[in-house]
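See structure below.
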Amino acid sequence: MDLLGDVMALVGALEEHGHHIEGYQDGDASHPIVTSRFELFALRRTPPTIYTPYADGPPVLRIPYVWFDIGGGGEVAVVMLVGDKTKLGNEWGIRVPSGRSRAP
């Protein structure tokens with residue numbers, strides 16, 4: 001399966017199974033982003049999961065998403081940008097030099 005197929009399998013699993021794909025073990029398709037104060041998780045391409053069984057090497061993708069309460073007991077997951085951890089590791093943020101604003 002190609003990279004796009006892996007990404008679609010992960011997003012499709014999130015859509016179909018919701019919170020049931022989340023966990024803390026290597027084989028879980030999603031895990032919490034522990035530095036977050038929100039219900040923020042990341043779909044994982046590697047290590048291999050049941051949705052990406054052949055993904056055993058780079059790119060090491062993390063697809064962040066957050067859960068929002070939409071009222072009436074419903075939730076919606078909003079998927080964010082994809083990050084390749086192969087070279088970035090856990091340094092996903094954009095570093096802004098001291099004294100400079102992120103605003104244009």
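Simple scheme: letters A, B, ... for chains in structure tokens order, numbers from 1 for residues in each chain, numbers from 1 for ligands in the order shown.
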(Q) Just want the 10 Å neighbourhood of Gly23 in chain A, counted on only C-alpha atoms, with same-chain residues fewer than 5 positions away dropped. Output as a list in words. (A)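 Using only C-alpha atoms, the neighbours found are Asp28, Ala29, Ser30, His31, Pro32 and Phe41 of chain A.
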Can you tell me which residues surround Arg44 in chain A at a distance of at most 10 Å, considering only C-alpha atoms, apart from same-chain residues fewer than 6 positions away, and format the answer as an mmCIF file with C-alpha atoms, in the first residue's frame?
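To be explicit, this is the file written out as result.cif:
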data_model
loop_
_atom_site.group_PDB
_atom_site.id
_atom_site.type_symbol
_atom_site.label_atom_id
_atom_site.label_comp_id
_atom_site.auth_asym_id
_atom_site.auth_seq_id
_atom_site.Cartn_x
_atom_site.Cartn_y
_atom_site.Cartn_z
ATOM 1 C CA ASP A 6 -1.915 4.483 4.653
ATOM 2 C CA VAL A 7 -3.107 8.016 5.454
ATOM 3 C CA LEU A 10 -5.931 5.871 9.274
ATOM 4 C CA ASP A 26 2.806 0.307 19.936
ATOM 5 C CA GLY A 27 0.155 -1.366 17.779
ATOM 6 C CA ASP A 28 -2.568 1.187 18.530
ATOM 7 C CA ALA A 29 -3.445 3.355 15.535
ATOM 8 C CA SER A 30 -3.709 6.479 17.678
ATOM 9 C CA HIS A 31 -2.262 7.706 20.928
ATOM 10 C CA TYR A 51 -4.884 -0.210 9.485
ATOM 11 C CA THR A 52 -1.283 0.182 8.210
ATOM 12 C CA ALA A 55 4.168 0.580 7.287
ATOM 13 C CA VAL A 60 7.102 8.280 10.365
ATOM 14 C CA LEU A 61 3.789 10.104 10.071
ATOM 15 C CA ARG A 62 1.731 11.571 12.879
ATOM 16 C CA ILE A 63 -1.655 12.996 11.916
ATOM 17 C CA PRO A 64 -2.892 15.144 14.812
#
Q: Find, counting only C-alpha atoms, the residue in A:Ala42, A:Leu14, A:Ile50, A:Met8 that gets nearest to Ala77 in chain A.
A: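 Once distances to Ala77 in chain A are computed over only C-alpha atoms, the minimum belongs to A:Leu14.
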Q: Pick out the residues sitting within 10 Å of Phe68 in chain A, and hand them over as a list in words; count only C-alpha atoms, and ignore anything fewer than 3 positions along from it in its own chain.
A: Phe38, Glu39, Leu40, Tyr65, Gly71, Gly74, Glu75, Val76, Ala77 and Val78 of chain A
Could you take the residues named above and write them with N, CA and C atoms, as a PDB file, in the first residue's frame?
ATOM      1  N   PHE A  38      -6.094  19.241  25.974  1.00  0.00           N
ATOM      2  CA  PHE A  38      -7.338  18.983  25.268  1.00  0.00           C
ATOM      3  C   PHE A  38      -7.384  17.519  24.867  1.00  0.00           C
ATOM      4  N   GLU A  39      -8.486  17.094  24.281  1.00  0.00           N
ATOM      5  CA  GLU A  39      -8.569  15.721  23.769  1.00  0.00           C
ATOM      6  C   GLU A  39      -7.866  15.695  22.419  1.00  0.00           C
ATOM      7  N   LEU A  40      -6.538  15.788  22.472  1.00  0.00           N
ATOM      8  CA  LEU A  40      -5.707  15.843  21.284  1.00  0.00           C
ATOM      9  C   LEU A  40      -4.976  14.518  21.132  1.00  0.00           C
ATOM     10  N   TYR A  65      -5.182  15.144  15.557  1.00  0.00           N
ATOM     11  CA  TYR A  65      -6.605  15.482  15.489  1.00  0.00           C
ATOM     12  C   TYR A  65      -7.089  15.792  16.891  1.00  0.00           C
ATOM     13  N   GLY A  71     -22.500  19.115  20.979  1.00  0.00           N
ATOM     14  CA  GLY A  71     -23.795  19.170  21.646  1.00  0.00           C
ATOM     15  C   GLY A  71     -24.625  17.927  21.392  1.00  0.00           C
ATOM     16  N   GLY A  74     -22.958  14.484  20.806  1.00  0.00           N
ATOM     17  CA  GLY A  74     -22.170  14.212  19.612  1.00  0.00           C
ATOM     18  C   GLY A  74     -20.769  14.796  19.688  1.00  0.00           C
ATOM     19  N   GLU A  75     -19.867  14.211  18.922  1.00  0.00           N
ATOM     20  CA  GLU A  75     -18.491  14.692  18.830  1.00  0.00           C
ATOM     21  C   GLU A  75     -18.086  14.717  17.369  1.00  0.00           C
ATOM     22  N   VAL A  76     -17.133  15.544  17.064  1.00  0.00           N
ATOM     23  CA  VAL A  76     -16.547  15.570  15.729  1.00  0.00           C
ATOM     24  C   VAL A  76     -15.031  15.645  15.904  1.00  0.00           C
ATOM     25  N   ALA A  77     -14.327  14.854  15.099  1.00  0.00           N
ATOM     26  CA  ALA A  77     -12.860  14.886  15.107  1.00  0.00           C
ATOM     27  C   ALA A  77     -12.402  15.779  13.964  1.00  0.00           C
ATOM     28  N   VAL A  78     -11.517  16.726  14.279  1.00  0.00           N
ATOM     29  CA  VAL A  78     -10.962  17.623  13.268  1.00  0.00           C
ATOM     30  C   VAL A  78      -9.502  17.240  13.078  1.00  0.00           C
TER      31      VAL A  78
END
